[in-house]
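Trainee: File input.txt below, compact mmCIF, C-alpha atoms:
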```
# COMPACT_ATOMS: atom_id res chain seq x y z
CA MET V 20 -9.52 30.69 3.23
CA LYS V 21 -9.55 27.31 5.02
CA LYS V 22 -11.77 25.90 2.27
CA LEU V 23 -9.44 27.23 -0.43
CA ILE V 24 -6.35 25.70 1.18
CA SER V 25 -8.13 22.35 1.65
CA TRP V 26 -9.12 22.28 -2.02
CA LEU V 27 -5.63 23.39 -3.05
CA GLY V 28 -4.18 20.51 -1.01
CA LEU V 29 -6.52 18.01 -2.67
CA VAL V 30 -5.77 19.27 -6.17
CA TRP V 31 -2.02 19.40 -5.48
CA VAL V 32 -1.88 15.79 -4.21
CA ALA V 33 -3.98 14.61 -7.18
CA ALA V 34 -1.70 16.48 -9.60
CA MET V 35 1.45 15.00 -8.02
CA CYS V 36 -0.12 11.54 -8.27
CA LEU V 37 -0.84 12.04 -11.98
CA LEU V 38 2.67 13.38 -12.58
CA CYS V 39 4.15 10.29 -10.90
CA ILE V 40 2.23 8.10 -13.35
CA VAL V 41 3.41 10.21 -16.29
CA GLY V 42 6.97 9.94 -14.93
CA ALA V 43 6.68 6.14 -14.67
CA PHE V 44 5.86 5.95 -18.39
CA LEU V 45 8.82 8.19 -19.26
CA GLY V 46 11.42 5.79 -17.81
CA ALA V 47 13.87 6.44 -14.99
CA GLU V 48 16.30 8.70 -16.86
CA ASN V 49 13.70 10.93 -18.51
CA ALA V 50 11.61 11.04 -15.33
CA GLY V 51 14.65 12.34 -13.43
CA VAL V 52 15.03 15.13 -16.01
CA PHE V 53 11.26 15.82 -16.03
CA PHE V 54 11.01 16.16 -12.25
CA ASN V 55 14.01 18.51 -12.24
CA THR V 56 12.49 21.01 -14.69
CA ALA V 57 11.61 24.49 -13.40
CA PRO V 58 7.79 23.95 -13.17
CA MET V 59 8.34 20.74 -11.20
CA LYS V 60 10.69 22.57 -8.81
CA ILE V 61 7.98 25.19 -8.27
CA ALA V 62 5.44 22.37 -7.68
CA GLY V 63 7.82 20.83 -5.12
CA VAL V 64 8.22 24.13 -3.28
CA GLY V 65 4.41 24.61 -3.45
CA LEU V 66 3.95 21.21 -1.80
CA VAL V 67 6.41 22.22 0.94
CA VAL V 68 4.37 25.39 1.58
CA LEU V 69 1.08 23.42 1.65
CA LEU V 70 2.55 20.82 4.02
CA ALA V 71 3.81 23.60 6.30
CA ILE V 72 0.33 25.19 6.29
CA GLY V 73 -1.21 21.76 6.97
CA ALA V 74 1.18 21.15 9.87
CA PHE V 75 0.52 24.62 11.33
CA PHE V 76 -3.26 24.24 10.92
CA ASN V 77 -3.27 20.87 12.72
CA LEU V 78 -0.98 22.20 15.46
CA LEU V 79 -3.44 25.05 15.93
CA HIS V 80 -6.38 22.63 16.22
CA ILE V 81 -4.42 20.31 18.58
CA ARG V 82 -4.38 17.23 16.37
CA PRO V 83 -0.94 15.82 17.24
CA ARG V 84 -1.11 12.73 14.98
CA VAL V 85 -2.06 14.63 11.85
CA PHE V 86 0.43 17.38 12.75
CA LEU V 87 3.24 14.81 13.04
CA ILE V 88 2.27 13.19 9.71
CA HIS V 89 2.51 16.58 7.98
CA LEU V 90 5.78 17.34 9.79
CA GLY V 91 7.24 13.98 8.73
CA CYS V 92 6.28 14.56 5.08
CA LEU V 93 7.70 18.07 5.29
CA PHE V 94 10.97 16.71 6.69
CA VAL V 95 11.29 14.11 3.91
CA LEU V 96 10.44 16.61 1.15
CA VAL V 97 12.73 19.36 2.46
CA SER V 98 15.56 16.82 2.85
CA GLY V 99 14.94 15.67 -0.72
CA LEU V 100 15.00 19.23 -2.02
CA TRP V 101 18.16 19.99 0.02
CA GLY V 102 19.92 16.93 -1.41
CA SER V 103 18.86 17.62 -5.02
CA GLU V 104 21.30 18.63 -7.71
CA THR V 105 19.82 22.13 -8.04
CA SER V 106 20.22 22.68 -4.32
CA GLN V 107 23.84 21.50 -4.52
CA TRP V 108 24.72 24.33 -6.91
CA GLY V 109 22.56 26.92 -5.14
CA LEU V 110 21.74 26.51 -1.44
CA HIS V 111 24.71 24.25 -0.58
CA LEU V 112 27.20 26.59 -2.17
CA VAL V 113 25.71 29.61 -0.38
CA PHE V 114 25.11 28.11 3.09
CA VAL V 115 27.66 25.28 3.37
CA GLY V 116 30.36 26.60 1.04
CA TYR V 117 30.97 23.35 -0.88
CA ILE V 118 29.00 20.87 -2.97
CA LEU V 119 28.58 17.11 -2.60
CA LEU V 120 29.36 15.32 -5.85
CA THR V 121 26.33 13.16 -6.66
CA ILE V 122 26.88 12.36 -10.34
CA GLY V 123 30.18 11.94 -12.13
CA LEU V 124 32.12 9.92 -14.67
CA PHE V 125 35.11 7.71 -14.00
CA GLY V 126 37.25 7.03 -17.06
CA TYR V 127 39.61 4.10 -17.40
CA PHE V 128 41.20 2.05 -20.16
CA ALA V 129 39.90 -1.46 -20.46
CA LEU V 130 43.31 -2.82 -21.43
CA GLU V 131 44.92 -1.19 -18.44
CA VAL V 132 42.39 -2.75 -16.08
CA LYS V 133 42.97 -6.11 -17.69
CA ARG V 134 46.74 -5.70 -17.31
CA GLN V 135 46.34 -4.74 -13.64
CA MET V 136 44.05 -7.68 -12.99
CA GLU V 137 46.44 -10.03 -14.68
CA LYS V 138 49.28 -8.51 -12.70
CA GLY V 139 47.31 -9.09 -9.52
CA LYS V 140 46.56 -12.66 -10.56
CA ASN V 141 50.29 -13.34 -11.21
CA GLU V 142 51.27 -11.98 -7.82
CA MET F 16 -1.22 -22.79 -16.53
CA THR F 17 1.18 -24.97 -14.57
CA ILE F 18 0.74 -27.55 -11.83
CA HIS F 19 3.33 -27.56 -9.05
CA TYR F 20 4.58 -30.91 -7.78
CA SER F 21 6.78 -29.48 -5.01
CA ILE F 22 5.77 -29.87 -1.35
CA GLU F 23 4.91 -26.17 -1.02
CA GLY F 24 2.93 -26.35 -4.27
CA ASN F 25 0.89 -29.27 -2.90
CA LEU F 26 0.35 -27.43 0.38
CA ILE F 27 -0.98 -24.45 -1.59
CA TYR F 28 -3.51 -26.75 -3.30
CA VAL F 29 -4.55 -28.13 0.11
CA ALA F 30 -5.09 -24.57 1.39
CA MET F 31 -7.08 -23.73 -1.75
CA ILE F 32 -9.32 -26.77 -1.24
CA MET F 33 -9.88 -25.74 2.39
CA LEU F 34 -10.76 -22.19 1.37
CA ALA F 35 -13.06 -23.42 -1.39
CA ALA F 36 -14.79 -25.59 1.23
CA GLY F 37 -15.07 -22.46 3.39
CA LEU F 38 -16.72 -20.64 0.51
CA VAL F 39 -19.22 -23.47 0.05
CA LEU F 40 -19.93 -23.44 3.81
CA SER F 41 -20.58 -19.70 3.69
CA LEU F 42 -22.96 -20.20 0.75
CA LEU F 43 -24.76 -22.84 2.82
CA ARG F 44 -24.92 -20.24 5.64
CA LYS F 45 -22.84 -22.44 7.99
CA ILE F 46 -20.67 -19.49 8.89
CA LYS F 47 -19.72 -20.70 12.37
CA TRP F 48 -17.23 -23.15 10.76
CA LEU F 49 -15.40 -20.40 8.87
CA PRO F 50 -12.94 -19.39 11.65
CA ALA F 51 -11.76 -23.02 11.91
CA VAL F 52 -11.41 -23.32 8.11
CA VAL F 53 -9.50 -20.03 7.90
CA PHE F 54 -7.19 -21.06 10.74
CA GLY F 55 -6.58 -24.46 9.12
CA ALA F 56 -5.68 -22.78 5.81
CA PHE F 57 -3.30 -20.46 7.65
CA VAL F 58 -1.50 -23.40 9.33
CA VAL F 59 -1.09 -25.16 5.95
CA LEU F 60 0.20 -21.98 4.28
CA LEU F 61 2.59 -21.31 7.16
CA ALA F 62 3.98 -24.83 6.70
CA ALA F 63 4.37 -24.14 2.95
CA TRP F 64 6.11 -20.85 3.66
CA ILE F 65 8.56 -22.40 6.15
CA ARG F 66 9.20 -25.31 3.74
CA ARG F 67 9.94 -22.80 0.98
CA TRP F 68 12.29 -20.86 3.28
CA ILE F 69 14.24 -24.06 4.00
CA ALA F 70 14.28 -25.01 0.29
CA VAL F 71 15.59 -21.67 -1.03
CA GLY F 72 17.78 -20.77 1.96
CA HIS F 73 16.55 -17.18 2.25
CA LEU F 74 13.34 -15.36 3.14
CA PRO F 75 10.81 -16.57 0.54
CA MET F 76 9.83 -13.15 -0.80
CA GLN F 77 11.86 -12.88 -4.00
CA THR F 78 9.92 -14.45 -6.89
CA MET F 79 6.25 -13.73 -7.60
CA PHE F 80 5.39 -17.26 -6.43
CA GLU F 81 7.01 -16.52 -3.08
CA VAL F 82 5.46 -13.04 -2.85
CA PHE F 83 1.95 -14.43 -3.43
CA LEU F 84 2.56 -17.28 -0.98
CA THR F 85 3.64 -14.71 1.64
CA LEU F 86 0.60 -12.51 0.86
CA ALA F 87 -1.76 -15.45 1.37
CA MET F 88 0.06 -16.53 4.53
CA VAL F 89 -0.10 -13.08 6.18
CA LEU F 90 -3.74 -12.56 5.13
CA PHE F 91 -5.16 -14.65 7.97
CA PRO F 92 -3.19 -13.19 10.94
CA ILE F 93 -3.88 -9.73 9.51
CA GLY F 94 -7.57 -10.65 9.32
CA ALA F 95 -7.52 -11.79 12.96
CA ILE F 96 -5.93 -8.49 14.03
CA SER F 97 -8.20 -6.31 11.89
CA ARG F 98 -11.31 -8.04 13.27
CA ARG F 99 -10.45 -6.44 16.60
CA LEU F 100 -11.30 -3.06 15.07
CA PRO F 101 -14.78 -1.73 15.85
CA GLY F 102 -17.23 -2.76 13.16
CA ILE F 103 -14.99 -5.18 11.29
CA ARG F 104 -15.82 -8.20 13.46
CA ASN F 105 -18.56 -9.55 11.26
CA PRO F 106 -19.07 -12.86 9.42
CA MET F 107 -18.60 -11.09 6.10
CA ASP F 108 -14.98 -10.45 7.03
CA TYR F 109 -14.26 -14.20 7.21
CA VAL F 110 -15.97 -14.70 3.84
CA GLY F 111 -13.87 -11.82 2.47
CA ASP F 112 -10.69 -13.46 3.77
CA VAL F 113 -11.65 -16.73 2.09
CA ILE F 114 -12.33 -15.00 -1.25
CA ILE F 115 -9.15 -12.85 -1.11
CA GLY F 116 -7.13 -15.95 -0.08
CA LEU F 117 -8.43 -17.90 -3.09
CA ILE F 118 -7.71 -14.99 -5.46
CA ILE F 119 -4.14 -14.67 -4.12
CA LEU F 120 -3.44 -18.40 -4.13
CA PHE F 121 -4.68 -19.03 -7.68
CA PRO F 122 -1.70 -17.36 -9.45
CA ALA F 123 0.70 -18.88 -6.89
CA GLY F 124 -0.73 -22.33 -7.55
CA PHE F 125 -1.32 -22.22 -11.30
CA VAL F 126 0.45 -19.27 -12.96
CA PHE F 127 3.83 -18.41 -11.42
CA SER F 128 6.78 -20.78 -11.58
CA ASP F 129 7.83 -22.32 -8.26
CA ARG F 130 11.43 -22.88 -9.43
CA PRO F 131 13.74 -21.72 -6.59
CA GLN F 132 16.08 -18.87 -7.51
CA ALA F 133 19.31 -17.73 -5.90
CA LEU F 134 19.05 -14.36 -4.19
CA PRO F 135 20.82 -11.76 -6.40
CA PRO F 136 23.58 -9.78 -4.62
CA ILE F 137 21.45 -6.61 -4.61
CA LEU F 138 18.78 -8.36 -2.49
CA GLN F 139 21.26 -9.74 0.04
CA SER F 140 20.59 -6.95 2.50
CA PRO F 141 19.19 -6.87 6.05
CA LEU F 142 16.53 -4.50 4.69
CA PHE F 143 15.14 -7.11 2.28
CA GLY F 144 12.86 -8.71 4.89
CA PRO F 145 11.49 -5.54 6.57
CA HIS F 146 10.99 -3.69 3.24
CA VAL F 147 9.09 -6.50 1.50
CA LEU F 148 7.19 -7.60 4.62
CA ALA F 149 5.98 -4.04 5.33
CA TYR F 150 4.61 -3.91 1.78
CA MET F 151 3.03 -7.38 2.05
CA LEU F 152 1.20 -6.43 5.26
CA ALA F 153 0.10 -3.11 3.76
CA TYR F 154 -1.13 -4.75 0.55
CA VAL F 155 -3.20 -7.30 2.45
CA LEU F 156 -4.78 -4.63 4.65
CA LEU F 157 -5.51 -2.44 1.65
CA ALA F 158 -6.92 -5.43 -0.27
CA LYS F 159 -9.35 -5.97 2.60
CA ALA F 160 -10.12 -2.23 2.58
CA ALA F 161 -10.83 -2.45 -1.17
CA MET F 162 -13.14 -5.42 -0.56
CA TYR F 163 -15.20 -3.38 1.91
CA ALA F 164 -15.11 -0.41 -0.46
CA ILE F 165 -16.45 -2.58 -3.30
CA MET F 166 -19.28 -3.79 -1.05
CA GLY F 167 -19.99 -0.20 0.04
CA CYS F 168 -19.88 1.03 -3.53
CA PHE F 169 -22.34 -1.45 -5.02
CA ILE F 170 -25.04 -1.26 -2.37
CA PRO F 171 -27.96 0.60 -3.95
CA THR F 172 -28.70 3.68 -1.85
CA GLY F 173 -31.84 5.59 -2.80
CA LYS F 174 -32.00 9.38 -2.55
CA SER F 175 -34.79 9.23 0.05
CA GLU F 176 -32.70 6.98 2.28
CA ALA F 177 -29.74 9.28 1.91
CA ARG F 178 -31.89 12.26 2.90
CA SER F 179 -33.33 10.53 5.98
CA SER F 180 -29.89 9.52 7.24
CA LYS F 181 -28.31 12.90 6.49
CA LEU F 182 -28.66 14.05 10.10
CA GLU F 183 -27.15 10.85 11.40
CA THR F 184 -24.17 11.02 9.06
CA ASN F 185 -23.34 14.63 9.83
CA PRO F 186 -19.56 14.69 10.53
CA ASN F 187 -19.93 17.77 12.74
CA SER F 188 -22.34 16.07 15.17
CA GLN F 189 -21.53 16.56 18.84
CA ASN F 190 -22.82 13.10 19.78
CA PRO F 191 -19.86 11.09 21.14
CA ASN F 192 -21.34 7.91 19.69
CA VAL F 193 -21.12 9.31 16.17
CA GLN F 194 -17.64 8.52 14.91
CA ASN F 195 -16.72 9.81 11.47
CA GLY F 196 -20.36 10.25 10.69
CA LEU F 197 -21.45 6.68 11.54
CA SER F 198 -23.68 6.25 14.53
CA PHE F 199 -22.28 3.42 16.64
CA GLU F 200 -25.04 3.98 19.21
CA ASN F 201 -27.62 2.56 16.79
CA LEU F 202 -25.32 -0.24 15.73
CA ASN F 203 -24.66 -1.28 19.31
CA SER F 204 -28.28 -1.28 20.41
CA ASP F 205 -29.80 -2.97 17.37
CA ILE F 206 -27.46 -5.35 15.73
CA VAL F 207 -24.80 -6.69 18.07
CA SER F 208 -24.83 -10.46 18.00
CA ASP F 209 -22.46 -13.01 19.52
CA PHE F 210 -20.56 -12.96 16.24
CA GLY F 211 -20.26 -9.16 16.05
CA PHE F 212 -22.33 -6.76 13.97
CA ARG F 213 -25.27 -8.26 12.14
CA ILE F 214 -25.26 -5.73 9.38
CA SER F 215 -27.72 -7.43 7.07
CA ASN F 216 -30.62 -5.92 9.08
CA LEU F 217 -29.46 -2.36 8.45
CA PRO F 218 -30.98 -0.09 5.83
CA ASN F 219 -28.85 0.15 2.70
CA GLN F 220 -27.50 3.64 3.41
CA GLU F 221 -26.27 2.62 6.87
CA LYS F 222 -24.90 -0.63 5.51
CA ALA F 223 -22.91 1.31 2.91
CA ALA F 224 -21.72 3.71 5.64
CA HIS F 225 -20.66 0.74 7.76
CA TYR F 226 -18.66 -0.82 4.91
CA GLU F 227 -17.08 2.54 4.05
CA GLN F 228 -16.11 3.01 7.71
CA SER F 229 -14.52 -0.47 7.74
CA ALA F 230 -12.60 0.35 4.55
CA TYR F 231 -11.40 3.60 6.14
CA LEU F 232 -10.20 1.85 9.32
CA LEU F 233 -8.31 -0.78 7.32
CA ALA F 234 -6.78 1.89 5.07
CA CYS F 235 -5.70 3.74 8.25
CA LEU F 236 -3.79 0.60 9.26
CA GLY F 237 -2.38 -0.19 5.82
CA PHE F 238 -1.26 3.29 4.80
CA PRO F 239 1.49 3.74 7.46
CA LEU F 240 2.87 0.30 6.61
CA MET F 241 2.99 1.23 2.93
CA CYS F 242 4.83 4.47 3.81
CA LEU F 243 7.21 2.43 5.99
CA GLY F 244 7.90 0.09 3.06
CA LEU F 245 8.62 3.05 0.79
CA MET F 246 10.96 4.65 3.34
CA LEU F 247 12.83 1.39 3.99
CA GLY F 248 13.20 0.97 0.23
CA SER F 249 14.62 4.47 0.00
CA VAL F 250 17.19 3.71 2.73
CA TRP F 251 18.06 0.46 0.96
CA GLY F 252 18.44 2.43 -2.30
CA VAL F 253 21.28 4.46 -0.76
CA PHE F 254 23.28 1.31 -0.04
CA ALA F 255 22.33 -0.50 -3.25
CA TRP F 256 22.36 2.24 -5.88
CA GLY F 257 23.96 5.19 -4.10
CA ASP F 258 20.86 7.40 -4.03
CA TRP F 259 17.68 7.75 -1.98
CA TRP F 260 15.50 8.11 -5.05
CA ASN F 261 16.19 6.97 -8.62
CA TRP F 262 12.93 7.88 -10.44
CA ASP F 263 12.52 4.21 -11.29
CA PRO F 264 9.01 3.30 -12.65
CA LYS F 265 8.42 1.00 -9.66
CA GLU F 266 9.38 3.80 -7.26
CA LEU F 267 7.12 6.26 -9.06
CA TRP F 268 4.15 3.86 -9.06
CA SER F 269 4.75 3.20 -5.33
CA LEU F 270 4.74 6.94 -4.72
CA ALA F 271 1.56 7.24 -6.82
CA CYS F 272 -0.05 4.62 -4.53
CA VAL F 273 0.94 6.59 -1.42
CA LEU F 274 -0.33 9.83 -2.97
CA MET F 275 -3.60 8.16 -4.01
CA TYR F 276 -4.28 7.10 -0.42
CA ALA F 277 -3.11 10.53 0.82
CA LEU F 278 -5.70 12.02 -1.55
CA TYR F 279 -8.34 9.67 -0.09
CA PHE F 280 -7.50 10.64 3.50
CA HIS F 281 -7.60 14.35 2.65
CA TRP F 282 -10.90 13.89 0.80
CA ARG F 283 -12.43 11.92 3.65
CA GLY F 284 -11.07 14.33 6.25
CA TYR F 285 -12.66 17.17 4.35
CA PHE F 286 -16.05 15.64 3.44
CA GLY F 287 -16.42 12.82 6.02
CA GLN F 288 -19.11 10.34 4.90
CA LYS F 289 -20.99 12.88 2.81
CA PHE F 290 -20.04 11.13 -0.46
CA LEU F 291 -19.89 7.45 0.45
CA ARG F 292 -19.52 6.19 -3.10
CA ALA F 293 -16.70 8.62 -3.92
CA ASN F 294 -14.86 7.54 -0.74
CA CYS F 295 -15.21 3.90 -1.75
CA LEU F 296 -14.11 4.61 -5.32
CA LEU F 297 -10.94 6.31 -4.07
CA VAL F 298 -10.06 3.24 -1.96
CA ILE F 299 -10.69 0.98 -4.96
CA LEU F 300 -8.58 3.24 -7.19
CA GLY F 301 -5.76 3.13 -4.63
CA PHE F 302 -5.86 -0.64 -4.67
CA ALA F 303 -5.89 -0.65 -8.49
CA PHE F 304 -2.65 1.35 -8.31
CA ILE F 305 -1.23 -1.31 -5.94
CA LEU F 306 -2.11 -4.04 -8.46
CA ILE F 307 -0.38 -2.06 -11.20
CA THR F 308 2.72 -1.61 -8.99
CA LEU F 309 2.79 -5.28 -8.01
CA LEU F 310 1.95 -6.88 -11.36
CA TRP F 311 2.00 -4.62 -14.41
CA VAL F 312 5.26 -2.82 -13.54
CA ASN F 313 7.02 -6.16 -12.89
CA PHE F 314 5.80 -7.97 -15.99
CA SER F 315 5.36 -5.25 -18.61
CA ARG F 316 8.25 -4.26 -20.83
CA LEU F 317 6.82 -0.75 -20.72
CA PHE F 318 8.55 -0.12 -17.41
CA PRO F 319 12.20 -1.16 -17.57
CA GLY F 320 14.05 -0.20 -14.40
CA LEU F 321 16.06 -1.14 -11.37
CA HIS F 322 13.38 -3.46 -9.93
CA ASN F 323 13.22 -5.86 -12.90
CA TYR F 324 14.66 -8.82 -10.95
CA VAL F 325 11.30 -9.20 -9.12
CA GLY F 326 9.43 -10.60 -12.15
```
In structure tokens, write the structure found in this file.

Mentor:
Amino acid sequence: MKKLISWLGLVWVAAMCLLCIVGAFLGAENAGVFFNTAPMKIAGVGLVVLLAIGAFFNLLHIRPRVFLIHLGCLFVLVSGLWGSETSQWGLHLVFVGYILLTIGLFGYFALEVKRQMEKGKNE
Amino acid sequence: MTIHYSIEGNLIYVAMIMLAAGLVLSLLRKIKWLPAVVFGAFVVLLAAWIRRWIAVGHLPMQTMFEVFLTLAMVLFPIGAISRRLPGIRNPMDYVGDVIIGLIILFPAGFVFSDRPQALPPILQSPLFGPHVLAYMLAYVLLAKAAMYAIMGCFIPTGKSEARSSKLETNPNSQNPNVQNGLSFENLNSDIVSDFGFRISNLPNQEKAAHYEQSAYLLACLGFPLMCLGLMLGSVWGVFAWGDWWNWDPKELWSLACVLMYALYFHWRGYFGQKFLRANCLLVILGFAFILITLLWVNFSRLFPGLHNYVG
């Protein structure tokens, strides 16, 4: 079992590394969409589970430094997942009761802005 | 190819001449002069760095010229600190510093423009210094790790030698002198000289193990600094762009670097020094990713993104 988890950890980190490179070639906008697809969400949750196992395993074997590294990574990843758009519409709504607006559009008329700026300049 | 006529440009050439002299001295086996040469080059580069700071009016870490000048400047104090690690205090480390210094200074002296640039508003943040400096320190440490990994990788190790040293490189050994599979007991008794480890007398397998161990120690120092740089960048991203993570190509390549070294540490933690060459190759691959992040992502039009001001 220990061997299987170790290999799973290795393969998972290698896969995430490769996916990062693929994402870099896609460009920022497409990479954002790519990493928010369902398989990528499952991969993210899988990494959380593996990090938790890694942290628990190192706590069990009294290796405080390695335990803290895993805990730190777990904290960053869970925070990232909590702050993600999917979590906003799911977990946030259920547990917090409201969502934090992360992306939105602000519409304005160019002429109106110009008029206001000119008005400000005249004053 | 350009020649710089500025004061800092001339100081870079002086440092390059000193380092080239150091390389010649090492070829002539007059290694005892190398610490003085390396220190002299550091003083000259520090003067160039301070002169640049005064000239541009902000921390000189914005353009590629400034980044490479900073990398070369921090190389020598980092070398002095890393030589305090067990096993790294050897003459080869000074030679490595000289070679890495020359490689870093060449593009700063002859390729990148030294024209001062105003700091764009997005870089006018208190996090600019810590974020870039953390990366510079990490890159230098990992460059040194890659140098040791290259040396460890290309040492011919026969199968018979590997078999004979299998017992000694067993990671599960109960001997307290065996650290990460490398027997320091043998090293201490046989090859300690007034300069540190005289590794040239070792059999090839042990030599490769020694270089791999040095690469591992340096990667252990560089990796947390690289993670710190990434985290500081993420905090800066909130203030600059309103989000912790923007899936920018530079961010993704930086994450790939961190994951590559994470893969190396997991691999090494799992197998120890059983596969020396694979360990070394992973360190080299990690450094190749750093080069891509530092150079290709900044200069290639393949990766347009939020970090384009760097190039």

Trainee: Restrict the calculation to all atoms listed in the file, then for each residue of chain V with any atom at most 8 Å from an atom of chain F give the closest atom pair and their distance in Å to one decimal, rows by chain and rising residue number, as CSV.

Mentor:
```
residue,atom,partner,partner_atom,distance
V:Ser25,CA,F:Tyr285,CA,7.4
V:Gly28,CA,F:His281,CA,7.9
V:Leu29,CA,F:Leu278,CA,6.1
V:Val32,CA,F:Leu278,CA,6.0
V:Ala33,CA,F:Leu278,CA,6.4
V:Met35,CA,F:Leu274,CA,7.4
V:Cys36,CA,F:Ala271,CA,4.8
V:Leu37,CA,F:Ala271,CA,7.4
V:Cys39,CA,F:Leu267,CA,5.3
V:Ile40,CA,F:Trp268,CA,6.3
V:Gly42,CA,F:Leu267,CA,6.9
V:Ala43,CA,F:Pro264,CA,4.2
V:Phe44,CA,F:Phe318,CA,6.7
V:Gly46,CA,F:Pro264,CA,6.2
V:Ala47,CA,F:Asp263,CA,4.5
V:Glu48,CA,F:Trp262,CA,7.3
V:Ala50,CA,F:Trp262,CA,6.0
V:Gly51,CA,F:Trp262,CA,5.6
```

Trainee: At what distance in Å, to one decimal, does atom CA of F:Ala149 lie from atom CA of F:Gly55?

Mentor: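 Going from atom CA of F:Gly55 over to atom CA of F:Ala149, I get 24.3 Å.
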
Trainee: At a cut-off of 9 Å, using all atoms listed in the file, what residues contact F:Met79? Leave out same-chain residues fewer than 4 positions from it and give the result as a list in words.

Mentor: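 Contacts, in chain order: Phe83, Leu84, Pro122, Ala123, Phe127, Ser128, Asp129, Leu310, Val325 and Gly326 of chain F.
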
Trainee: Do you know which residues are at most 12 Å from stretch 82-89 of chain V counting all atoms listed in the file, after dropping those on the same chain fewer than 2 positions away, and could you put them as an NGL selection string?

Mentor: (:V and (28 or 66-80 or 91-97)) or (:F and (238-239 or 242 or 277 or 280-281 or 284))

Trainee: Between V:Trp31, V:Trp101, V:Gly109, V:Met20, single out the one closest to V:Gly65, counting all atoms listed in the file.

Mentor: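 Looking only at the distances to V:Gly65, the closest residue turns out to be V:Trp31.
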
Trainee: Between atom CA of F:Leu61 and atom CA of F:Asn25, what is the distance in Å, rounded to a tenth?

Mentor: 12.9 Å

Trainee: Excluding F:Leu74 and any residue of its chain fewer than 2 positions from it, enumerate the residues within 7 Å of it, using only C-alpha atoms, and give them as a list in words.

Mentor: Trp68, Met76 and Gly144 of chain F

Trainee: Rounded to one decimal in Å, what is the spacing between atom CA of F:Val89 and atom CA of F:Gly24?

Mentor: 17.2 Å

Trainee: Will you model N, CA and C atoms for stretch 84-97 of chain V and pass it back as a compact mmCIF listing (two decimals), keeping the file's coordinate frame?

Mentor:
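Here's the written file result27.txt:
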```
# COMPACT_ATOMS: atom_id res chain seq x y z
N ARG V 84 -1.46 13.78 15.96
CA ARG V 84 -1.11 12.73 14.98
C ARG V 84 -1.02 13.31 13.57
N VAL V 85 -2.03 14.07 13.21
CA VAL V 85 -2.06 14.63 11.85
C VAL V 85 -0.94 15.66 11.69
N PHE V 86 -0.68 16.41 12.77
CA PHE V 86 0.43 17.38 12.75
C PHE V 86 1.76 16.67 12.49
N LEU V 87 1.99 15.54 13.20
CA LEU V 87 3.24 14.81 13.04
C LEU V 87 3.37 14.19 11.64
N ILE V 88 2.24 13.75 11.08
CA ILE V 88 2.27 13.19 9.71
C ILE V 88 2.74 14.28 8.73
N HIS V 89 2.14 15.47 8.87
CA HIS V 89 2.51 16.58 7.98
C HIS V 89 3.98 16.97 8.19
N LEU V 90 4.39 16.97 9.47
CA LEU V 90 5.78 17.34 9.79
C LEU V 90 6.76 16.33 9.19
N GLY V 91 6.40 15.04 9.29
CA GLY V 91 7.24 13.98 8.73
C GLY V 91 7.38 14.13 7.22
N CYS V 92 6.25 14.37 6.54
CA CYS V 92 6.28 14.56 5.08
C CYS V 92 7.12 15.78 4.73
N LEU V 93 6.96 16.82 5.52
CA LEU V 93 7.70 18.07 5.29
C LEU V 93 9.21 17.81 5.42
N PHE V 94 9.56 17.04 6.44
CA PHE V 94 10.97 16.71 6.69
C PHE V 94 11.55 15.93 5.51
N VAL V 95 10.80 14.93 5.03
CA VAL V 95 11.29 14.11 3.91
C VAL V 95 11.44 14.97 2.65
N LEU V 96 10.44 15.80 2.38
CA LEU V 96 10.44 16.61 1.15
C LEU V 96 11.55 17.67 1.19
N VAL V 97 11.69 18.33 2.34
CA VAL V 97 12.73 19.36 2.46
C VAL V 97 14.12 18.71 2.34
```
